[in-house]
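For reference, the structure discussed in these notes is given below.
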Amino acid sequence: MTMGVDDYDDSASAAVEVLEDVERASGANLEQGYVVLVELDRPVDPASQKRPELLRRAVELIEKRPEVAGVTDFVSAGNPAMVREDGRSTYFVATVRGFEPGDAVTKAVTSTQDAINADEQLRDRVTLGGPTTSNVEASAISSEDLGKAEALAFPLLLILLLFIFRGVIAALIPLGGALVSIAVALGVLGGVMTVLDLSVFALNLVMALGIGLSIDFSLLIISRFREELRLGHGVHEAVGRTMRTAGRTVLFSGLTVAVALASLLVFPQRFLYTMGIAGIATSLGALLFALLALPALLTVLGERINAWAPKSWQRAQERGAGNGSGGRWYRFSHGVMRRPVSAAVAAGAVLVVLALPVLGIRFTGIDSASMPEDSDAGRVYATLEKDFPGSLQSPVHLISEAPKEAGAELTAYGERLARLDGVAAVTAPRPIGDGMWETQVALEDAPLSLDAQDTLDAIESVRAPYPTVPTGNTALYDAMMTSLGDHLPLSIGLMSLTTLLILFAMTGSVVLPLKAVVTNLLTLAGTFGLLVFVFQDGHLSGALGFTDQGALQPTMLIILLAVALAMSTDYTVFLFSRIKEGVDHGLPDREAIATGLEKVGRTVTLAAVLFCIPMGALVLSRLIFIKQLGFGTAASVVIDATLVRALLVPSLMALFGKANWWAPGPLRRFHQRFLSGLQERDEPAPPVAAPGRTAVSSGREV
């Protein structure tokens with residue numbers, strides 16, 4: 001796997017196509033490159049146009065690197081702004097050639113850094129930054145932080161699993177499932193990598209999602225298996241009944257997660273479609289364990305599933321399981337349904353308040369500015385932004401198709417550009433081969449800022465003497481945003497449609513799936529509002545250890561959109577399946593809702609808590625966009641498990657009553673004919689009436 005600066009590119013955009021044209025013509029990859037910061041031993045006067053010895057030594061070292069195509073410093077560029085105002089430091093830019101797939105870029109950066117460190121005069125005075133260095137350092141930081149996060153999450157998970165599953169054997173099973181699902185996902189990704197380049201950041205999603213889903217599925221199945229054993233069924237019958245009920249729910253849930261993440265495949269950006277492939281592979285790995293390996297384990301273990309557990313834990317487990325009536329969740333849900341309008345309005349109002357910051361959302365991309373300042377690339381970027389206004393570390397590259405004699409006209413064009421607001425400097429045009437010329441435009445503002453986008457628009461509005469296409473960070477970010485906007489409606493449409501279809505197949509209703517989509521969108525709005533409040537506005541920046549960029553990274557928000565929708569629907573499936581089971585067995589609607597919440601309320605809540613641990617551990621990453629994914633996913637799960645699942649869902653179901661299960665005649669007949677086989681058909685014991693109530697039954701038990 002690789003982490004490339006082109007992870008976010010749409011190969012069909014003009015800004016990317018011209019990069020490929022330049023690389024074919026000159027061998028240089030304008031999207032890559034080094035920015036080298038040199039702390040001088042004595043001040044230099046840039047007007048002298050003489051390189052100090054330290055700078056000359058550094059330039060010669062970089063020029064000799066096999067990957068370097070050319071070097072530009074203040075002398076060759078004739079640009080005194082490349083020297084700090086006090087003359088004590090300077091920087092130069094090196095263009096590099098395209099790298100072969102694999103670890104070639106890592107080897108190049110490592111070798112270059114080693115060469116700098118081996119020179120005693122340069123070791124403490126020269127820092128290697130730029131997009132190529134950012135690429136390598138971000139990959140290393142991601143892997144290192146992932147290891148630390150999982151090292152923290154696993155022991156914490158094991159401790160919580162012991163208390164939640166109330167037994168050592170039962171607690172170890174989900175972790176075994178996580179290893180299986182992660183192994184399956186990595187195997188699939190390894191196979192895909194033989195034909196397709198993938199982004200290294202997929203590993204973060206594989207680890208967190210693999211652990212979370214395996215725990216969710218194991219918790220649901222083991223809880224149901226124990227329940228069937230307590231009802232007096234033999235081991236083989238208990239396993240069969242568990243898989244026809246909880247197993248069916250897990251199947252729907254896993255498919256929902258997989259198809260939600262599959263919607264990322266519509267995007268051409270490697271970062272996004274890699275996450276889609278990783279999400280599908282991890283979901284299927286978790287399903288394989290839950291539906292094949294786990295039933296076999298339960299058959300072998302039988303009553304020993306409760307082994308290595310204190311008697312007090314086992315008694316607490318039996319009390320916590322309840323009989324479907326009289327428990328805390330049962331009483332709570334009836335309390336909500338006694339005042340459904342008040343509960344729905346209160347929950348909705350809180351979600352709206354959480355979502356309000358979304359109205360001011362702003363976006364930015366991923367570049368060296370996203371790197372922590374304790375990294376070389378982050379340090380170089382921060383220093384140039386502070387001490388070298390209008391630096392050439394991220395210029396707009398204007399690529400013109402022009403003949404050899406076009407220099408004078410392109411120079412006049414550059415002079416017109418230099419007079420634009422937001423333009424700090426314009427370099428002299430230079431031929432780069434094959435009838436192509438390059439003019440570099442340094443911007444006054446950060447390359448991914450809104451002001452930089454406005455300056456790019458102004459540059460494009462100036463009439464060029466020859467066909468000219470802008471590229472570089474600012475233009476590539478603009479192309480990325482256009483591409484995301486073009487593909488996002490299809491992605492959201494696929495997510496919503498598949499959610500509707502899967503929930504319809506499970507429930508036979510069109511009302512419940514529509515309500516699920518609406519509540520999921522409310523969860524997302526609240527989550528995005530929190531992200532704006534925390535990461536864009538900078539609240540909790542000290543506690544979470546980041547420097548706010550004043551904006552959010554859009555590709556990470558799209559991944560969060562898919563993951564949050566998948567997990568919200570996952571918990572919806574858990575709840576709806578148990579409520580429908582009660583309705584099918586003759587319980588009145590409100591009784592079925594209360595009984596369903598009593599049966600799975602604890603399970604869903606605990607699953608949410610456990611899922612938050614591996615996802616929340618990503619907040620420990622030093623990369624801000626990984627922090628955003630971890631924080632956002634954990635926040636969405638908490639919002640869904642509390643405001644939505646505990647308040648909004650039961651209150652809305654109580655208000656709709658029997659209309660919850662409505663479907664048009666043709667769809668109802670289609671479901672009965674083709675999908676009714678998916679329904680659970682066991683003959684359980686009669687439902688237990690709530691205290692003071694008469695059980696309504698059709699001769700079948702809950």
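Ligands are numbered from 1 in the order shown, residues from 1 within each chain, and chains are lettered A, B, ... in the order they appear in the structure tokens.
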
Do you know which residues are at most 12 Å from A:Ser13 counting only C-alpha atoms, after dropping those on the same chain fewer than 5 positions away, and could you put them as a tab-separated table (two decimals) with N, CA and C atoms, in the first residue's frame?
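Output saved as selection34.tsv:
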```
chain	number	residue	atom	x	y	z
A	8	TYR	N	-5.89	11.90	-3.81
A	8	TYR	CA	-7.14	12.67	-3.84
A	8	TYR	C	-7.45	13.22	-5.22
A	18	VAL	N	-2.85	17.54	-17.25
A	18	VAL	CA	-1.71	18.35	-17.65
A	18	VAL	C	-0.46	17.94	-16.87
A	19	LEU	N	-0.64	17.46	-15.63
A	19	LEU	CA	0.50	16.93	-14.88
A	19	LEU	C	1.14	15.76	-15.62
A	20	GLU	N	0.29	14.90	-16.16
A	20	GLU	CA	0.79	13.74	-16.90
A	20	GLU	C	1.49	14.19	-18.18
A	268	PRO	N	-13.67	8.59	-7.99
A	268	PRO	CA	-12.42	8.22	-8.68
A	268	PRO	C	-11.18	8.43	-7.83
A	269	GLN	N	-11.30	9.09	-6.68
A	269	GLN	CA	-10.14	9.33	-5.83
A	269	GLN	C	-9.69	8.04	-5.15
A	469	VAL	N	-3.32	25.81	-18.87
A	469	VAL	CA	-4.06	25.06	-17.85
A	469	VAL	C	-3.33	25.21	-16.51
A	470	PRO	N	-4.02	25.62	-15.45
A	470	PRO	CA	-3.36	25.71	-14.14
A	470	PRO	C	-3.33	24.34	-13.46
A	471	THR	N	-2.26	24.07	-12.75
A	471	THR	CA	-2.18	22.87	-11.92
A	471	THR	C	-1.41	23.25	-10.65
A	475	ALA	N	-5.02	24.34	-7.76
A	475	ALA	CA	-5.84	23.88	-8.88
A	475	ALA	C	-6.31	22.44	-8.68
A	476	LEU	N	-5.45	21.59	-8.11
A	476	LEU	CA	-5.83	20.19	-7.87
A	476	LEU	C	-6.92	20.10	-6.81
A	477	TYR	N	-6.83	20.95	-5.79
A	477	TYR	CA	-7.88	20.98	-4.77
A	477	TYR	C	-9.21	21.43	-5.38
A	478	ASP	N	-9.16	22.44	-6.22
A	478	ASP	CA	-10.37	22.92	-6.89
A	478	ASP	C	-10.97	21.80	-7.76
A	479	ALA	N	-10.12	21.05	-8.46
A	479	ALA	CA	-10.60	19.95	-9.29
A	479	ALA	C	-11.18	18.83	-8.42
A	480	MET	N	-10.55	18.58	-7.26
A	480	MET	CA	-11.06	17.55	-6.35
A	480	MET	C	-12.45	17.91	-5.85
A	481	MET	N	-12.64	19.16	-5.43
A	481	MET	CA	-13.95	19.58	-4.92
A	481	MET	C	-15.02	19.46	-6.00
A	482	THR	N	-14.67	19.82	-7.23
A	482	THR	CA	-15.63	19.68	-8.33
A	482	THR	C	-15.98	18.21	-8.55
A	483	SER	N	-14.98	17.35	-8.52
A	483	SER	CA	-15.20	15.92	-8.71
A	483	SER	C	-16.06	15.33	-7.58
A	484	LEU	N	-15.75	15.72	-6.34
A	484	LEU	CA	-16.54	15.21	-5.21
A	484	LEU	C	-18.00	15.65	-5.33
A	486	ASP	N	-19.59	16.29	-8.04
A	486	ASP	CA	-20.24	15.58	-9.15
A	486	ASP	C	-20.64	14.16	-8.76
```

Margin query: Which residues are near stretch 491-508 of chain A? Cut-off 10 Å, only C-alpha atoms, ignore same chain within fewer than 6 positions. Put them as a PyMOL selection string.
Written below: chain A and resi 248-249+252-253+255-257+259-267+484+514-518+520-521+558+561-562+565-566+569-570+572-573+576-577+579-581+660-663+667-672+674-676+678-679

Go ahead and write the residues just picked, N, CA and C atoms, as a short mmCIF file (atom, residue, chain, number, x, y, z; two decimals), in the first residue's frame.
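See part12.cif below for the written result:
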```cif
data_model
loop_
_atom_site.label_atom_id
_atom_site.label_comp_id
_atom_site.auth_asym_id
_atom_site.auth_seq_id
_atom_site.Cartn_x
_atom_site.Cartn_y
_atom_site.Cartn_z
N ARG A 248 -29.88 -14.01 11.47
CA ARG A 248 -30.54 -13.31 10.37
C ARG A 248 -30.34 -11.80 10.51
N THR A 249 -30.45 -11.30 11.73
CA THR A 249 -30.23 -9.87 11.97
C THR A 249 -28.81 -9.46 11.61
N PHE A 252 -28.40 -9.19 7.79
CA PHE A 252 -28.91 -7.91 7.28
C PHE A 252 -27.99 -6.76 7.67
N SER A 253 -27.53 -6.78 8.92
CA SER A 253 -26.68 -5.71 9.42
C SER A 253 -25.36 -5.65 8.65
N LEU A 255 -24.64 -6.82 5.69
CA LEU A 255 -24.86 -6.41 4.31
C LEU A 255 -25.10 -4.90 4.21
N THR A 256 -25.81 -4.36 5.20
CA THR A 256 -26.07 -2.92 5.22
C THR A 256 -24.76 -2.14 5.31
N VAL A 257 -23.88 -2.57 6.21
CA VAL A 257 -22.59 -1.90 6.36
C VAL A 257 -21.79 -2.01 5.07
N VAL A 259 -22.79 -2.52 1.90
CA VAL A 259 -23.28 -1.76 0.75
C VAL A 259 -23.17 -0.26 0.99
N ALA A 260 -23.27 0.18 2.25
CA ALA A 260 -23.08 1.60 2.53
C ALA A 260 -21.65 2.03 2.18
N LEU A 261 -20.69 1.22 2.57
CA LEU A 261 -19.29 1.55 2.27
C LEU A 261 -18.98 1.31 0.80
N ALA A 262 -19.73 0.43 0.15
CA ALA A 262 -19.53 0.22 -1.29
C ALA A 262 -19.85 1.47 -2.09
N SER A 263 -20.66 2.37 -1.52
CA SER A 263 -21.00 3.60 -2.23
C SER A 263 -19.77 4.48 -2.45
N LEU A 264 -18.69 4.23 -1.69
CA LEU A 264 -17.45 4.99 -1.90
C LEU A 264 -16.76 4.61 -3.20
N LEU A 265 -17.15 3.49 -3.78
CA LEU A 265 -16.51 3.04 -5.02
C LEU A 265 -16.86 3.93 -6.20
N VAL A 266 -17.88 4.75 -6.08
CA VAL A 266 -18.25 5.61 -7.22
C VAL A 266 -17.27 6.77 -7.39
N PHE A 267 -16.46 7.03 -6.36
CA PHE A 267 -15.52 8.16 -6.45
C PHE A 267 -14.24 7.72 -7.15
N LEU A 484 -15.75 15.72 -6.34
CA LEU A 484 -16.54 15.21 -5.21
C LEU A 484 -18.00 15.65 -5.33
N LEU A 514 -38.02 4.42 5.58
CA LEU A 514 -37.97 5.86 5.34
C LEU A 514 -37.65 6.62 6.63
N LYS A 515 -38.24 6.19 7.74
CA LYS A 515 -37.94 6.82 9.01
C LYS A 515 -36.48 6.60 9.39
N ALA A 516 -35.95 5.41 9.08
CA ALA A 516 -34.55 5.12 9.38
C ALA A 516 -33.62 6.05 8.62
N VAL A 517 -33.92 6.30 7.34
CA VAL A 517 -33.10 7.20 6.54
C VAL A 517 -33.14 8.61 7.13
N VAL A 518 -34.34 9.06 7.52
CA VAL A 518 -34.47 10.42 8.07
C VAL A 518 -33.71 10.54 9.39
N ASN A 520 -31.24 8.71 10.41
CA ASN A 520 -29.80 8.61 10.12
C ASN A 520 -29.24 9.95 9.65
N LEU A 521 -30.01 10.66 8.82
CA LEU A 521 -29.56 11.97 8.35
C LEU A 521 -29.48 12.97 9.50
N ILE A 558 -16.74 12.43 3.75
CA ILE A 558 -17.48 11.47 2.92
C ILE A 558 -17.33 10.06 3.48
N LEU A 561 -19.46 9.92 6.46
CA LEU A 561 -20.85 9.80 6.02
C LEU A 561 -21.21 8.33 5.80
N ALA A 562 -20.35 7.60 5.09
CA ALA A 562 -20.63 6.20 4.81
C ALA A 562 -20.58 5.35 6.07
N LEU A 565 -23.55 6.27 8.52
CA LEU A 565 -24.81 5.72 8.00
C LEU A 565 -24.85 4.21 8.16
N ALA A 566 -23.72 3.56 7.89
CA ALA A 566 -23.67 2.11 8.02
C ALA A 566 -23.93 1.67 9.46
N THR A 569 -27.57 2.36 10.65
CA THR A 569 -28.48 1.37 10.11
C THR A 569 -28.24 0.01 10.76
N ASP A 570 -26.98 -0.26 11.11
CA ASP A 570 -26.63 -1.49 11.81
C ASP A 570 -27.44 -1.62 13.10
N THR A 572 -30.11 0.09 13.84
CA THR A 572 -31.53 0.08 13.47
C THR A 572 -32.00 -1.35 13.18
N VAL A 573 -31.18 -2.09 12.46
CA VAL A 573 -31.51 -3.49 12.16
C VAL A 573 -31.63 -4.29 13.44
N PHE A 576 -35.11 -3.04 15.04
CA PHE A 576 -36.31 -3.35 14.26
C PHE A 576 -36.57 -4.85 14.19
N SER A 577 -35.50 -5.65 14.09
CA SER A 577 -35.70 -7.09 13.96
C SER A 577 -36.36 -7.66 15.22
N ILE A 579 -38.22 -5.89 17.43
CA ILE A 579 -39.57 -5.36 17.53
C ILE A 579 -40.50 -6.12 16.58
N LYS A 580 -40.05 -6.37 15.36
CA LYS A 580 -40.88 -7.10 14.40
C LYS A 580 -41.16 -8.52 14.88
N GLU A 581 -40.17 -9.10 15.53
CA GLU A 581 -40.37 -10.45 16.07
C GLU A 581 -41.54 -10.44 17.06
N ASN A 660 -46.67 1.87 11.02
CA ASN A 660 -45.26 1.53 10.90
C ASN A 660 -45.03 0.39 9.91
N TRP A 661 -46.00 -0.51 9.82
CA TRP A 661 -45.80 -1.73 9.05
C TRP A 661 -46.49 -1.67 7.69
N TRP A 662 -46.86 -0.44 7.27
CA TRP A 662 -47.59 -0.30 6.00
C TRP A 662 -46.66 -0.41 4.80
N ALA A 663 -47.19 -1.01 3.76
CA ALA A 663 -46.53 -1.05 2.45
C ALA A 663 -47.62 -1.09 1.40
N LEU A 667 -46.11 -4.02 -3.29
CA LEU A 667 -44.88 -4.31 -2.57
C LEU A 667 -45.11 -5.33 -1.47
N ARG A 668 -46.29 -5.25 -0.81
CA ARG A 668 -46.59 -6.22 0.24
C ARG A 668 -46.69 -7.62 -0.32
N ARG A 669 -47.36 -7.74 -1.49
CA ARG A 669 -47.47 -9.07 -2.11
C ARG A 669 -46.12 -9.56 -2.60
N PHE A 670 -45.28 -8.64 -3.11
CA PHE A 670 -43.93 -9.02 -3.54
C PHE A 670 -43.13 -9.55 -2.36
N HIS A 671 -43.24 -8.86 -1.23
CA HIS A 671 -42.50 -9.29 -0.04
C HIS A 671 -42.99 -10.65 0.44
N GLN A 672 -44.31 -10.83 0.46
CA GLN A 672 -44.85 -12.11 0.92
C GLN A 672 -44.45 -13.25 0.01
N PHE A 674 -41.73 -13.35 -2.29
CA PHE A 674 -40.32 -13.59 -2.55
C PHE A 674 -39.41 -13.43 -1.33
N LEU A 675 -39.85 -12.66 -0.33
CA LEU A 675 -38.96 -12.36 0.79
C LEU A 675 -39.44 -12.89 2.12
N SER A 676 -40.63 -13.49 2.16
CA SER A 676 -41.15 -13.96 3.45
C SER A 676 -40.29 -15.08 4.02
N LEU A 678 -37.32 -14.97 4.47
CA LEU A 678 -36.29 -14.39 5.32
C LEU A 678 -36.79 -14.18 6.75
N GLN A 679 -38.09 -14.35 6.98
CA GLN A 679 -38.63 -14.11 8.30
C GLN A 679 -38.39 -15.31 9.21
#
```

Next item on the list: Select from stretch 237-386 of chain A everything DSSP, run on the backbone, classes as alpha helix (DSSP H), then give the selection as a VMD selection string.
Entry: chain A and resid 237 to 262 270 to 288 294 to 301 311 to 321 328 to 338 340 to 355 376 to 386

Check: Which polymer residues have any atom within 9 Å of an atom of A:Ile613, counting only C-alpha atoms, with same-chain residues fewer than 2 positions away left out, as a list of chain:residue names?
Finding: A:Ala153, A:Phe154, A:Leu156, A:Leu157, A:Ala208, A:Gly212, A:Ala608, A:Val609, A:Leu610, A:Phe611, A:Met615, A:Gly616, A:Ala617, A:Leu618, A:Ala634

Kindly save the residues from that selection, with N, CA, C and O atoms included, as an mmCIF file, in the first residue's frame.
```cif
data_model
loop_
_atom_site.group_PDB
_atom_site.id
_atom_site.type_symbol
_atom_site.label_atom_id
_atom_site.label_comp_id
_atom_site.auth_asym_id
_atom_site.auth_seq_id
_atom_site.Cartn_x
_atom_site.Cartn_y
_atom_site.Cartn_z
ATOM 1 N N ALA A 153 -6.246 0.381 22.820
ATOM 2 C CA ALA A 153 -7.642 -0.039 22.714
ATOM 3 C C ALA A 153 -7.843 -1.494 23.108
ATOM 4 O O ALA A 153 -8.842 -1.829 23.765
ATOM 5 N N PHE A 154 -6.929 -2.387 22.727
ATOM 6 C CA PHE A 154 -7.140 -3.817 22.969
ATOM 7 C C PHE A 154 -7.252 -4.157 24.461
ATOM 8 O O PHE A 154 -8.203 -4.847 24.867
ATOM 9 N N LEU A 156 -8.083 -2.203 26.949
ATOM 10 C CA LEU A 156 -9.311 -1.585 27.454
ATOM 11 C C LEU A 156 -10.534 -2.360 26.991
ATOM 12 O O LEU A 156 -11.483 -2.590 27.769
ATOM 13 N N LEU A 157 -10.521 -2.781 25.723
ATOM 14 C CA LEU A 157 -11.632 -3.578 25.210
ATOM 15 C C LEU A 157 -11.767 -4.889 25.973
ATOM 16 O O LEU A 157 -12.881 -5.311 26.304
ATOM 17 N N ALA A 208 -10.102 -0.562 12.969
ATOM 18 C CA ALA A 208 -11.188 -0.073 13.818
ATOM 19 C C ALA A 208 -12.513 -0.736 13.474
ATOM 20 O O ALA A 208 -13.262 -1.175 14.365
ATOM 21 N N GLY A 212 -14.793 -3.317 15.765
ATOM 22 C CA GLY A 212 -16.142 -2.870 16.117
ATOM 23 C C GLY A 212 -17.227 -3.812 15.640
ATOM 24 O O GLY A 212 -18.132 -4.183 16.401
ATOM 25 N N ALA A 608 -22.493 -0.026 21.071
ATOM 26 C CA ALA A 608 -22.069 1.329 20.704
ATOM 27 C C ALA A 608 -20.862 1.760 21.523
ATOM 28 O O ALA A 608 -19.906 2.335 20.995
ATOM 29 N N VAL A 609 -20.901 1.484 22.831
ATOM 30 C CA VAL A 609 -19.776 1.852 23.694
ATOM 31 C C VAL A 609 -18.504 1.150 23.239
ATOM 32 O O VAL A 609 -17.435 1.767 23.113
ATOM 33 N N LEU A 610 -18.613 -0.146 22.962
ATOM 34 C CA LEU A 610 -17.437 -0.914 22.556
ATOM 35 C C LEU A 610 -16.929 -0.482 21.187
ATOM 36 O O LEU A 610 -15.716 -0.454 20.940
ATOM 37 N N PHE A 611 -17.851 -0.141 20.284
ATOM 38 C CA PHE A 611 -17.434 0.306 18.955
ATOM 39 C C PHE A 611 -16.697 1.638 19.034
ATOM 40 O O PHE A 611 -15.787 1.909 18.245
ATOM 41 N N MET A 615 -12.679 3.050 17.342
ATOM 42 C CA MET A 615 -12.802 4.219 16.481
ATOM 43 C C MET A 615 -12.309 5.470 17.202
ATOM 44 O O MET A 615 -11.603 6.296 16.630
ATOM 45 N N GLY A 616 -12.682 5.604 18.469
ATOM 46 C CA GLY A 616 -12.242 6.764 19.235
ATOM 47 C C GLY A 616 -10.744 6.794 19.438
ATOM 48 O O GLY A 616 -10.150 7.867 19.590
ATOM 49 N N ALA A 617 -10.103 5.607 19.419
ATOM 50 C CA ALA A 617 -8.651 5.560 19.585
ATOM 51 C C ALA A 617 -7.936 6.275 18.446
ATOM 52 O O ALA A 617 -6.787 6.711 18.595
ATOM 53 N N LEU A 618 -8.600 6.410 17.302
ATOM 54 C CA LEU A 618 -7.996 7.120 16.176
ATOM 55 C C LEU A 618 -7.785 8.600 16.496
ATOM 56 O O LEU A 618 -7.001 9.275 15.831
ATOM 57 N N ALA A 634 -17.137 8.061 16.449
ATOM 58 C CA ALA A 634 -17.542 7.818 17.839
ATOM 59 C C ALA A 634 -18.719 8.716 18.225
ATOM 60 O O ALA A 634 -19.672 8.262 18.879
#
```

Notebook entry, point to check: Counting only C-alpha atoms, what is within 9 Å of stretch 523-536 of chain A, bar same-chain residues fewer than 4 positions away, as a ChimeraX atom specification?
Noted result: /A:350-363,518-519,540-541,546-552,557,560-561,564-565,568,624,628,631-633,635-637,639-640,643-644

Keeping N, CA and C atoms, export the residues of the selection given above as a compact mmCIF listing (two decimals), in the first residue's frame.
```
# COMPACT_ATOMS: atom_id res chain seq x y z
N VAL A 350 -32.61 18.82 20.19
CA VAL A 350 -31.20 18.66 20.54
C VAL A 350 -30.37 18.38 19.29
N LEU A 351 -30.89 17.53 18.41
CA LEU A 351 -30.17 17.21 17.17
C LEU A 351 -30.02 18.45 16.29
N VAL A 352 -31.06 19.26 16.23
CA VAL A 352 -30.99 20.49 15.43
C VAL A 352 -29.95 21.44 16.00
N VAL A 353 -29.92 21.60 17.33
CA VAL A 353 -28.93 22.46 17.97
C VAL A 353 -27.51 21.96 17.68
N LEU A 354 -27.32 20.64 17.78
CA LEU A 354 -26.01 20.08 17.46
C LEU A 354 -25.61 20.33 16.02
N ALA A 355 -26.62 20.36 15.14
CA ALA A 355 -26.35 20.50 13.70
C ALA A 355 -26.13 21.94 13.26
N LEU A 356 -26.50 22.92 14.08
CA LEU A 356 -26.45 24.32 13.66
C LEU A 356 -25.08 24.78 13.14
N PRO A 357 -23.96 24.35 13.76
CA PRO A 357 -22.66 24.81 13.24
C PRO A 357 -22.38 24.40 11.79
N VAL A 358 -23.13 23.41 11.28
CA VAL A 358 -22.92 22.98 9.90
C VAL A 358 -23.17 24.13 8.92
N LEU A 359 -24.00 25.08 9.31
CA LEU A 359 -24.32 26.20 8.43
C LEU A 359 -23.07 27.01 8.08
N GLY A 360 -22.04 26.94 8.92
CA GLY A 360 -20.82 27.69 8.65
C GLY A 360 -19.65 26.80 8.24
N ILE A 361 -19.94 25.61 7.74
CA ILE A 361 -18.87 24.66 7.42
C ILE A 361 -18.00 25.17 6.28
N ARG A 362 -16.70 24.93 6.41
CA ARG A 362 -15.73 25.27 5.37
C ARG A 362 -14.85 24.05 5.11
N PHE A 363 -14.24 24.01 3.95
CA PHE A 363 -13.47 22.83 3.57
C PHE A 363 -12.03 23.20 3.23
N VAL A 518 -34.34 9.06 7.52
CA VAL A 518 -34.47 10.42 8.07
C VAL A 518 -33.71 10.54 9.39
N THR A 519 -33.87 9.57 10.29
CA THR A 519 -33.17 9.64 11.58
C THR A 519 -31.66 9.52 11.39
N LEU A 540 -11.63 22.43 22.00
CA LEU A 540 -10.99 21.17 22.44
C LEU A 540 -9.68 20.89 21.71
N SER A 541 -9.14 21.89 21.00
CA SER A 541 -7.88 21.65 20.29
C SER A 541 -6.76 21.30 21.26
N PHE A 546 -4.38 19.16 18.64
CA PHE A 546 -4.27 19.52 17.22
C PHE A 546 -4.31 21.04 17.07
N THR A 547 -3.83 21.48 15.94
CA THR A 547 -3.92 22.89 15.56
C THR A 547 -5.00 23.02 14.50
N ASP A 548 -6.05 23.77 14.81
CA ASP A 548 -7.18 23.82 13.87
C ASP A 548 -6.77 24.53 12.59
N GLN A 549 -7.32 24.04 11.47
CA GLN A 549 -7.04 24.64 10.16
C GLN A 549 -8.17 25.56 9.71
N GLY A 550 -9.19 25.72 10.57
CA GLY A 550 -10.30 26.59 10.21
C GLY A 550 -11.23 25.99 9.18
N ALA A 551 -11.09 24.69 8.93
CA ALA A 551 -11.92 24.02 7.92
C ALA A 551 -11.81 22.52 8.12
N LEU A 552 -12.67 21.76 7.44
CA LEU A 552 -12.68 20.30 7.53
C LEU A 552 -12.26 19.69 6.20
N LEU A 557 -14.88 13.56 5.47
CA LEU A 557 -16.31 13.68 5.79
C LEU A 557 -17.14 12.70 4.98
N LEU A 560 -16.74 9.39 6.63
CA LEU A 560 -17.54 9.43 7.86
C LEU A 560 -19.02 9.28 7.53
N LEU A 561 -19.46 9.92 6.46
CA LEU A 561 -20.85 9.80 6.02
C LEU A 561 -21.21 8.33 5.80
N ALA A 564 -20.83 6.29 9.30
CA ALA A 564 -21.88 6.64 10.26
C ALA A 564 -23.24 6.13 9.80
N LEU A 565 -23.55 6.27 8.52
CA LEU A 565 -24.81 5.72 8.00
C LEU A 565 -24.85 4.21 8.16
N SER A 568 -25.33 3.42 11.95
CA SER A 568 -26.68 3.79 12.39
C SER A 568 -27.69 2.77 11.91
N ILE A 624 -4.49 15.23 11.61
CA ILE A 624 -5.78 15.81 12.00
C ILE A 624 -6.95 15.16 11.28
N GLN A 628 -10.27 13.46 12.91
CA GLN A 628 -11.64 13.80 12.54
C GLN A 628 -12.48 12.54 12.31
N PHE A 631 -13.05 10.80 15.87
CA PHE A 631 -13.97 11.57 16.71
C PHE A 631 -15.37 11.56 16.11
N GLY A 632 -15.47 11.78 14.80
CA GLY A 632 -16.78 11.85 14.16
C GLY A 632 -17.53 10.54 14.23
N THR A 633 -16.85 9.42 14.00
CA THR A 633 -17.52 8.13 14.05
C THR A 633 -18.01 7.82 15.47
N ALA A 635 -18.67 9.99 17.81
CA ALA A 635 -19.77 10.91 18.14
C ALA A 635 -21.07 10.46 17.50
N SER A 636 -21.02 10.01 16.24
CA SER A 636 -22.24 9.58 15.56
C SER A 636 -22.86 8.36 16.25
N VAL A 637 -22.01 7.45 16.71
CA VAL A 637 -22.51 6.25 17.39
C VAL A 637 -23.17 6.62 18.72
N ILE A 639 -24.51 9.58 19.53
CA ILE A 639 -25.76 10.28 19.22
C ILE A 639 -26.85 9.28 18.82
N ASP A 640 -26.48 8.32 17.99
CA ASP A 640 -27.46 7.35 17.51
C ASP A 640 -27.98 6.47 18.64
N LEU A 643 -29.88 9.69 21.65
CA LEU A 643 -30.99 10.52 21.19
C LEU A 643 -31.89 9.81 20.19
N VAL A 644 -31.29 9.09 19.26
CA VAL A 644 -32.08 8.49 18.18
C VAL A 644 -32.70 7.18 18.60
```

Margin query: I want to know what sits within 12 Å of A:Leu384, based on only C-alpha atoms, with residues of the same chain fewer than 4 positions away left out; could you give that as JSON, numbers by chain?
Written below: {"A": [35, 36, 37, 38, 81, 82, 83, 84, 85, 89, 90, 91, 92, 93, 127, 129, 130, 368, 369, 377, 378, 379, 380, 388, 389, 390, 391, 392, 393, 394, 444, 445, 446]}

Note to self: Set the distance at 6 Å and use only C-alpha atoms: which residues neighbour A:Gln49 once local chain neighbours fewer than 2 positions away are removed? I'd like the list as a ChimeraX atom specification.
What the structure shows: /A:46-47,75

Item checked: Neighbour list for A:Leu398 as a ChimeraX atom specification, cut-off 9 Å, only C-alpha atoms, skip fewer than 4 positions in-chain -> /A:437-441,468-472

Show me a table, sorted first by chain and then by increasing residue number, of the residues of stretch 186-246 of chain A having an atom at most 9 Å from stretch 299-305 of chain A, each with its shortest atom pair and the distance in Å to one decimal, counting only C-alpha atoms and written as a tab-separated table.
```
residue	atom	partner	partner_atom	distance
A:Ile222	CA	A:Ile305	CA	8.5
A:Arg226	CA	A:Ile305	CA	8.2
A:Leu229	CA	A:Glu303	CA	7.8
A:Gly234	CA	A:Gly302	CA	8.6
A:Val235	CA	A:Gly302	CA	5.5
A:His236	CA	A:Thr299	CA	6.3
A:Ala238	CA	A:Thr299	CA	8.9
A:Val239	CA	A:Thr299	CA	6.7
```
